[in-house]
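Notes for the one structure printed next.
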Amino acid sequence: AIGTYVHSNKKLGVLVELTGAATPELAKDIAMQIAAANPLCVTPEQIPAATLAQEKEIYLNQAKEEGKPAQIAEKIVEGRIRKYYQEVCLREQVFIKDDKKTIKDLLGKSADVARFFRFAVGA
């Protein structure tokens with residue numbers, strides 16, 4: 001299923017391809033999510049290793065600046081990386097229409113996001 005969404009200002013649009021048992025309504029909801037939340041990728045595995053390493057280094061330095069011991073700092077980094085995934089990975093994001101569900105919950109076991117494209121005019 002292909003979902004589309006064009007924002008009311010006509011300057012933001014999304015195309016999303018879903019696989020499996022995806023309905024047109026689900027595809028539109030996912031497209032709206034992408035427009036609103038601007039994810040970088042579908043899953044954490046798609047984040048480039050260099051980007052992830054850079055984020056970990058930033059979080060580790062922040063923890064050290066806060067005076068945290070090494071073992072505690074590592075746990076803080078793990079927690080902040082999980083939070084980072086929730087911000088930038090579509091499947092990990094909280095659904096904009098129901099904050100008790102993630103996109104992963106919405107997709108269930110029978111549908112998945114193959115890919116998406118988010119277009120912004122003037123960006």
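We name chains A, B, ... following the order of the structure tokens; residues begin at 1 in each chain, and ligands are numbered from 1 as shown.
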
Practice prompt. Pick out the residues sitting within 10 Å of A:Leu26, and hand them over as an NGL selection string; count only C-alpha atoms, and ignore anything fewer than 6 positions along from it in its own chain.
Written response: :A and (1-3 or 18 or 32 or 106-107 or 111)

Closest atom pairs, residues of stretch 9-83 of chain A within 9 Å of stretch 92-103 of chain A, only C-alpha atoms, as a Markdown table:
```
| residue | atom | partner | partner_atom | distance |
| --- | --- | --- | --- | --- |
| A:Asp29 | CA | A:Lys97 | CA | 8.4 |
| A:Ile30 | CA | A:Ile103 | CA | 7.7 |
| A:Met32 | CA | A:Ile96 | CA | 8.4 |
| A:Gln33 | CA | A:Ile96 | CA | 6.2 |
| A:Ala36 | CA | A:Ile96 | CA | 7.8 |
| A:Ala37 | CA | A:Gln93 | CA | 8.1 |
| A:Pro39 | CA | A:Gln93 | CA | 8.3 |
| A:Val42 | CA | A:Glu92 | CA | 8.3 |
| A:Thr43 | CA | A:Glu92 | CA | 7.4 |
| A:Pro44 | CA | A:Glu92 | CA | 8.3 |
```

Output N, CA, C and O atoms for every residue in the selection just made, as a short mmCIF file (atom, residue, chain, number, x, y, z; two decimals), in the first residue's frame.
```
data_model
loop_
_atom_site.label_atom_id
_atom_site.label_comp_id
_atom_site.auth_asym_id
_atom_site.auth_seq_id
_atom_site.Cartn_x
_atom_site.Cartn_y
_atom_site.Cartn_z
N ASP A 29 -2.24 7.34 7.89
CA ASP A 29 -1.82 7.67 9.25
C ASP A 29 -0.30 7.68 9.38
O ASP A 29 0.27 8.57 10.02
N ILE A 30 0.36 6.72 8.76
CA ILE A 30 1.82 6.66 8.82
C ILE A 30 2.42 7.85 8.06
O ILE A 30 3.39 8.46 8.52
N MET A 32 1.05 10.79 7.70
CA MET A 32 0.85 11.95 8.57
C MET A 32 1.89 11.98 9.69
O MET A 32 2.40 13.04 10.05
N GLN A 33 2.20 10.83 10.24
CA GLN A 33 3.22 10.71 11.29
C GLN A 33 4.56 11.21 10.77
O GLN A 33 5.26 11.96 11.44
N ALA A 36 4.61 14.97 10.46
CA ALA A 36 4.65 15.66 11.76
C ALA A 36 5.96 15.45 12.51
O ALA A 36 6.50 16.39 13.10
N ALA A 37 6.48 14.23 12.50
CA ALA A 37 7.62 13.88 13.36
C ALA A 37 8.97 13.89 12.64
O ALA A 37 10.00 13.83 13.30
N PRO A 39 10.95 11.67 10.89
CA PRO A 39 11.97 10.67 11.23
C PRO A 39 13.08 10.63 10.18
O PRO A 39 12.87 11.00 9.02
N VAL A 42 13.53 4.26 9.21
CA VAL A 42 12.44 3.40 9.67
C VAL A 42 12.82 2.69 10.97
O VAL A 42 12.05 2.66 11.92
N THR A 43 14.02 2.11 11.02
CA THR A 43 14.45 1.32 12.18
C THR A 43 15.81 1.80 12.70
O THR A 43 16.57 2.41 11.95
N PRO A 44 16.13 1.47 13.95
CA PRO A 44 17.45 1.85 14.48
C PRO A 44 18.61 1.28 13.67
O PRO A 44 19.67 1.91 13.58
#
```

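What separates atom CA of A:Cys89 from atom CA of A:Leu52 is a distance of 12.2 Å.
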
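If only C-alpha atoms are the atoms counted, then among A:Gly67, A:Pro24, A:Gly108, A:Gly122 the closest residue to A:Thr4 is A:Pro24.
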
Item to complete: Run DSSP on the backbone and give me the residues of stretch 41-70 of chain A it puts in alpha helix (DSSP H), as an MDAnalysis selection string.
Response: chainID A and resid 49:65 70

Item to complete: Please identify all polymer residues within 8 Å of A:Ala114, counting only C-alpha atoms, omitting same-chain residues fewer than 4 positions from it, and present them as a list of chain:residue names.
Response: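 The residues that qualify are A:Val16, A:Glu17, A:Leu18, A:Thr19.
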
Please produce a file of those selected residues containing N, CA and C atoms, as an mmCIF file, in the first residue's frame.
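File written: out-v9.cif
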```
data_model
loop_
_atom_site.group_PDB
_atom_site.id
_atom_site.type_symbol
_atom_site.label_atom_id
_atom_site.label_comp_id
_atom_site.auth_asym_id
_atom_site.auth_seq_id
_atom_site.Cartn_x
_atom_site.Cartn_y
_atom_site.Cartn_z
ATOM 1 N N VAL A 16 4.698 7.099 1.454
ATOM 2 C CA VAL A 16 5.175 5.979 2.258
ATOM 3 C C VAL A 16 4.703 4.681 1.625
ATOM 4 N N GLU A 17 5.588 3.691 1.591
ATOM 5 C CA GLU A 17 5.255 2.371 1.061
ATOM 6 C C GLU A 17 5.184 1.391 2.219
ATOM 7 N N LEU A 18 4.025 0.758 2.370
ATOM 8 C CA LEU A 18 3.841 -0.254 3.403
ATOM 9 C C LEU A 18 3.739 -1.620 2.760
ATOM 10 N N THR A 19 4.211 -2.631 3.471
ATOM 11 C CA THR A 19 4.123 -4.006 3.001
ATOM 12 C C THR A 19 3.216 -4.794 3.938
#
```

Practice prompt. Identify which of the residues A:Leu60, A:Ile47, A:Val113, A:Ala22 lies closest to A:Glu74, counting only C-alpha atoms when measuring atom-to-atom distances.
Written response: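 Of the candidates, the smallest distance to A:Glu74 is held by A:Leu60.
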
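As for atom CA of A:Lys75 and atom CA of A:Tyr59, they are spaced 10.4 Å apart.
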
Worksheet item: Mind checking DSSP for chain A and telling me the strand (DSSP E) residues as a PyMOL selection string?
Response: chain A and resi 2-6+12-20+94-95+98-102+111-120

Selection above as a file: N, CA and C atoms, as a tab-separated table (two decimals), in the first residue's frame:
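Result file out_25.tsv:
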```
chain	number	residue	atom	x	y	z
A	2	ILE	N	0.47	2.23	-0.73
A	2	ILE	CA	1.17	3.50	-0.79
A	2	ILE	C	0.30	4.53	-0.08
A	3	GLY	N	0.88	5.23	0.86
A	3	GLY	CA	0.17	6.28	1.56
A	3	GLY	C	0.73	7.63	1.17
A	4	THR	N	-0.14	8.61	1.08
A	4	THR	CA	0.30	9.97	0.76
A	4	THR	C	-0.30	10.94	1.77
A	5	TYR	N	0.38	12.04	1.92
A	5	TYR	CA	-0.14	13.11	2.77
A	5	TYR	C	0.46	14.41	2.26
A	6	VAL	N	-0.39	15.41	2.07
A	6	VAL	CA	0.04	16.76	1.72
A	6	VAL	C	-0.50	17.67	2.81
A	12	LEU	N	4.51	20.72	2.25
A	12	LEU	CA	5.06	19.52	2.85
A	12	LEU	C	4.25	18.32	2.37
A	13	GLY	N	4.95	17.32	1.86
A	13	GLY	CA	4.28	16.12	1.38
A	13	GLY	C	5.06	14.87	1.75
A	14	VAL	N	4.35	13.75	1.83
A	14	VAL	CA	4.97	12.48	2.20
A	14	VAL	C	4.41	11.37	1.32
A	15	LEU	N	5.30	10.47	0.91
A	15	LEU	CA	4.94	9.20	0.29
A	15	LEU	C	5.51	8.10	1.16
A	16	VAL	N	4.70	7.10	1.45
A	16	VAL	CA	5.17	5.98	2.26
A	16	VAL	C	4.70	4.68	1.62
A	17	GLU	N	5.59	3.69	1.59
A	17	GLU	CA	5.25	2.37	1.06
A	17	GLU	C	5.18	1.39	2.22
A	18	LEU	N	4.02	0.76	2.37
A	18	LEU	CA	3.84	-0.25	3.40
A	18	LEU	C	3.74	-1.62	2.76
A	19	THR	N	4.21	-2.63	3.47
A	19	THR	CA	4.12	-4.01	3.00
A	19	THR	C	3.22	-4.79	3.94
A	20	GLY	N	2.82	-5.95	3.50
A	20	GLY	CA	1.98	-6.81	4.33
A	20	GLY	C	0.53	-6.38	4.29
A	94	VAL	N	6.30	7.62	19.05
A	94	VAL	CA	4.96	7.61	19.62
A	94	VAL	C	4.01	8.10	18.53
A	95	PHE	N	2.89	7.41	18.36
A	95	PHE	CA	1.91	7.76	17.33
A	95	PHE	C	1.26	9.10	17.66
A	98	ASP	N	-2.37	8.89	19.01
A	98	ASP	CA	-2.62	8.13	20.23
A	98	ASP	C	-1.29	7.92	20.95
A	99	ASP	N	-1.02	8.74	21.95
A	99	ASP	CA	0.29	8.70	22.60
A	99	ASP	C	0.51	7.47	23.47
A	100	LYS	N	-0.43	6.56	23.49
A	100	LYS	CA	-0.25	5.30	24.21
A	100	LYS	C	0.27	4.20	23.28
A	101	LYS	N	0.41	4.52	22.00
A	101	LYS	CA	0.89	3.55	21.00
A	101	LYS	C	2.13	4.08	20.30
A	102	THR	N	2.98	3.16	19.88
A	102	THR	CA	4.09	3.52	19.01
A	102	THR	C	3.69	3.12	17.58
A	111	ALA	N	2.01	-5.80	9.13
A	111	ALA	CA	2.36	-4.73	8.20
A	111	ALA	C	3.71	-4.15	8.59
A	112	ASP	N	4.37	-3.51	7.63
A	112	ASP	CA	5.65	-2.87	7.91
A	112	ASP	C	5.86	-1.73	6.93
A	113	VAL	N	6.79	-0.85	7.26
A	113	VAL	CA	7.14	0.26	6.39
A	113	VAL	C	8.36	-0.15	5.57
A	114	ALA	N	8.20	-0.14	4.27
A	114	ALA	CA	9.31	-0.48	3.38
A	114	ALA	C	10.23	0.73	3.20
A	115	ARG	N	9.63	1.89	2.95
A	115	ARG	CA	10.41	3.12	2.77
A	115	ARG	C	9.47	4.31	2.76
A	116	PHE	N	10.07	5.49	2.90
A	116	PHE	CA	9.27	6.71	2.84
A	116	PHE	C	10.11	7.86	2.28
A	117	PHE	N	9.40	8.85	1.77
A	117	PHE	CA	10.02	10.08	1.26
A	117	PHE	C	9.22	11.24	1.80
A	118	ARG	N	9.92	12.20	2.37
A	118	ARG	CA	9.28	13.41	2.91
A	118	ARG	C	9.82	14.59	2.11
A	119	PHE	N	8.92	15.35	1.51
A	119	PHE	CA	9.32	16.48	0.67
A	119	PHE	C	8.86	17.78	1.32
A	120	ALA	N	9.74	18.77	1.36
A	120	ALA	CA	9.39	20.07	1.89
A	120	ALA	C	9.85	21.13	0.89
```

Fill in: Best match for closeness to A:Glu55 among A:Ile81, A:Ala27, A:Ala21, A:Val121, counting only C-alpha atoms
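Going through A:Ile81, A:Ala27, A:Ala21, A:Val121 one by one, the smallest distance to A:Glu55 is for A:Ile81.
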